[in-house]
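*Asks:* Dropping the structure in here first, questions after.
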Amino acid sequence: MRVVRNIGHVKRRKRAAKRSAIVGFLLLMGPFFLISRPNLVLVAWALMLGGFVAFNTGMQQIARWAKTPRTDTLLDRELAKFNDKYDLFHYVQVGNRIVDHVLLHPGGLLVITARDLPGEVVGRGSRWRKRSSPLRRLFAFSGPQLGDPSKDTRDAIAVVEQALAANQSEVEVTGAIVFVNPLIRLDSEETDYEGLLLEELPPFVRALPPDESIRPADRERIRALMTAGEELELPAQPVVRRPVKRRRAA
């Protein structure tokens, strides 16, 4: 399997996460300098609220982008045994949008929405929720969040389909929601998009039906579309060794 990674996007997100956490921390410190000035109480509260949001947002993003291994490398490892008929693209620049993970397979494209959080997650139809107490939710505020994975998948599929249509490429685009944390407990039934544990992703991909109408030229056109970005990490090209001609001994 070939892997293409928009490493420029990863670097930008790391820098933005650190800036947000630092700015949030500084804003949280602001009220301590205003505590002796009653006429600035509202300013102090505004600084505290803004600092709380900025700091926790920054910490959430640091947990996503600075951790080792990152979600994209976990997907790489899990799908590493697939052959060159499969291409995995991370943080694809599609117009003004970034689509986190897209797999090109013999039947089309699979948009992968990944979540890295522990605990129990329940999925029914288009709704996902995490089961936890209010106290645990408070302490987990700075960590990875569940969000709305169905909406994220639906939006990403729409973006990819629009780009394919503009590129005059017609292949099926499907989606899956993958939970990569080993401490996850998943309970999903009849969800809009298949909910999978990380180890369930390879058999799911193998079961995707092939599309014989997709020609090699179509695949190359899709690869070109999926490899937009300022700084890409591309698969290493195979080294072609030329035979060495030896002179015969006189």
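Just remember, in the structure tokens the first chain shown is A, the second B, etc., residues are 1-based per chain, and ligands are 1-based in the order shown.
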I'd like the contact shell of Trp65 of chain A - 10 Å cut-off, only C-alpha atoms, skipping same-chain residues fewer than 3 positions apart - returned as an NGL selection string.

*Replies:* :A and (10-15 or 17 or 59-62 or 68-72)

*Asks:* For the residues selected in the previous step, produce a file with C-alpha atoms as a compact mmCIF listing (two decimals), in the first residue's frame.

*Replies:*
# COMPACT_ATOMS: atom_id res chain seq x y z
CA VAL A 10 0.32 18.43 10.41
CA LYS A 11 3.03 21.01 11.15
CA ARG A 12 0.58 23.90 10.90
CA ARG A 13 -1.87 22.24 13.26
CA LYS A 14 0.88 21.57 15.81
CA ARG A 15 1.94 25.22 15.76
CA ALA A 17 -2.33 24.12 18.98
CA MET A 59 -4.75 21.13 24.73
CA GLN A 60 -7.29 19.13 22.70
CA GLN A 61 -5.36 19.85 19.52
CA ILE A 62 -1.99 19.12 21.16
CA THR A 68 2.91 9.46 19.28
CA PRO A 69 1.68 7.52 17.43
CA ARG A 70 -0.76 9.87 15.71
CA THR A 71 -4.02 8.62 14.27
CA ASP A 72 -2.70 8.64 10.70

*Asks:* Find the residues around Glu220 of chain A up to 12 Å (only C-alpha atoms counted), leave out those fewer than 4 positions away in its own chain, and share them as a list in words.

*Replies:*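 Skipping anything fewer than 4 positions along the chain leaves Lys85, Tyr86, Asp87, Leu104, Asn167, Ser169, Ile214, Arg215, Pro216, Ala224, Leu225, Met226 and Thr227 of chain A.
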
*Asks:* If DSSP is run on the backbone, what residues of segment 25-235 of chain A are strand (DSSP E)? A reply as a ChimeraX atom specification would be ideal.

*Replies:* /A:87-94,97-105,108-115,119-124,127-131,172-179,184-189,194-197,232-233

*Asks:* What's the 12 Å shell around Ala166 of chain A, counting only C-alpha atoms, without same-chain residues fewer than 3 positions away, as a PyMOL selection string?

*Replies:* chain A and resi 94-95+159-163+169-170+221-222+225

*Asks:* Any idea what's packed within 12 Å of segment 33-50 of chain A, counting only C-alpha atoms, ignoring anything in its chain fewer than 5 positions away? Could you give it as JSON, numbers by chain?

*Replies:* {"A": [20, 21, 23, 24, 25, 26, 27, 28, 55, 56, 57]}

*Asks:* From a DSSP pass on the backbone, collect the residues of segment 32-86 of chain A flagged as alpha helix (DSSP H) and hand them back as a PyMOL selection string.

*Replies:* chain A and resi 32-34+41-65+71-78

*Asks:* Store the residues of this selection in a file with C-alpha atoms, as a compact mmCIF listing (two decimals), in the first residue's frame.

*Replies:*
# COMPACT_ATOMS: atom_id res chain seq x y z
CA PHE A 32 -4.99 37.67 38.98
CA PHE A 33 -3.61 41.08 38.04
CA LEU A 34 -7.10 42.65 38.00
CA VAL A 41 -14.47 42.56 37.35
CA LEU A 42 -16.33 41.99 34.06
CA VAL A 43 -13.05 42.24 32.15
CA ALA A 44 -11.50 39.68 34.48
CA TRP A 45 -14.39 37.27 33.93
CA ALA A 46 -14.19 37.74 30.16
CA LEU A 47 -10.44 37.02 30.23
CA MET A 48 -11.01 33.93 32.35
CA LEU A 49 -13.73 32.58 30.05
CA GLY A 50 -11.73 33.28 26.89
CA GLY A 51 -8.61 31.80 28.42
CA PHE A 52 -10.46 28.66 29.51
CA VAL A 53 -11.81 28.06 26.00
CA ALA A 54 -8.51 28.86 24.25
CA PHE A 55 -6.41 26.77 26.65
CA ASN A 56 -8.64 23.71 26.47
CA THR A 57 -8.96 23.97 22.69
CA GLY A 58 -5.18 24.12 22.44
CA MET A 59 -4.75 21.13 24.73
CA GLN A 60 -7.29 19.13 22.70
CA GLN A 61 -5.36 19.85 19.52
CA ILE A 62 -1.99 19.12 21.16
CA ALA A 63 -3.39 15.75 22.25
CA ARG A 64 -4.34 15.09 18.63
CA TRP A 65 -1.32 16.38 16.72
CA THR A 71 -4.02 8.62 14.27
CA ASP A 72 -2.70 8.64 10.70
CA THR A 73 0.28 6.43 11.61
CA LEU A 74 -2.03 4.01 13.43
CA LEU A 75 -4.08 3.65 10.25
CA ASP A 76 -0.85 3.15 8.27
CA ARG A 77 0.21 0.28 10.51
CA GLU A 78 -3.18 -1.41 10.40

*Asks:* Within 8 Å of segment 174-180 of chain A, which residues of segment 21-132 of chain A come that close, and what is the closest atom pair and distance in Å for each? Count only C-alpha atoms and give it as JSON lines.

*Replies:*
{"residue": "A:Thr71", "atom": "CA", "partner": "A:Val180", "partner_atom": "CA", "distance": 7.1}
{"residue": "A:Leu74", "atom": "CA", "partner": "A:Val180", "partner_atom": "CA", "distance": 7.4}
{"residue": "A:Leu109", "atom": "CA", "partner": "A:Thr174", "partner_atom": "CA", "distance": 6.4}
{"residue": "A:Leu110", "atom": "CA", "partner": "A:Thr174", "partner_atom": "CA", "distance": 4.9}
{"residue": "A:Val111", "atom": "CA", "partner": "A:Gly175", "partner_atom": "CA", "distance": 4.6}
{"residue": "A:Ile112", "atom": "CA", "partner": "A:Ala176", "partner_atom": "CA", "distance": 5.2}
{"residue": "A:Thr113", "atom": "CA", "partner": "A:Ile177", "partner_atom": "CA", "distance": 4.7}
{"residue": "A:Ala114", "atom": "CA", "partner": "A:Val178", "partner_atom": "CA", "distance": 4.8}
{"residue": "A:Arg115", "atom": "CA", "partner": "A:Phe179", "partner_atom": "CA", "distance": 4.9}
{"residue": "A:Asp116", "atom": "CA", "partner": "A:Val180", "partner_atom": "CA", "distance": 5.3}
{"residue": "A:Leu117", "atom": "CA", "partner": "A:Phe179", "partner_atom": "CA", "distance": 7.5}

*Asks:* Taking only C-alpha atoms into account, name the residue in A:Asp218, A:Asp211, A:Glu189, A:Asp148 that is nearest to Leu164 of chain A.

*Replies:*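 Of the candidates, the smallest distance to Leu164 of chain A is held by A:Asp218.
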
*Asks:* Compare A:His101, A:His9, A:Arg129, A:Arg2 by their minimum atom-to-atom distance to Asp187 of chain A, counting only C-alpha atoms, and give me the closest one.

*Replies:* A:Arg129

*Asks:* Write out as a ChimeraX atom specification each polymer residue whose atoms come within 7 Å of segment 230-235 of chain A, counting only C-alpha atoms; drop sequence neighbours fewer than 5 positions from it.

*Replies:* /A:2-8
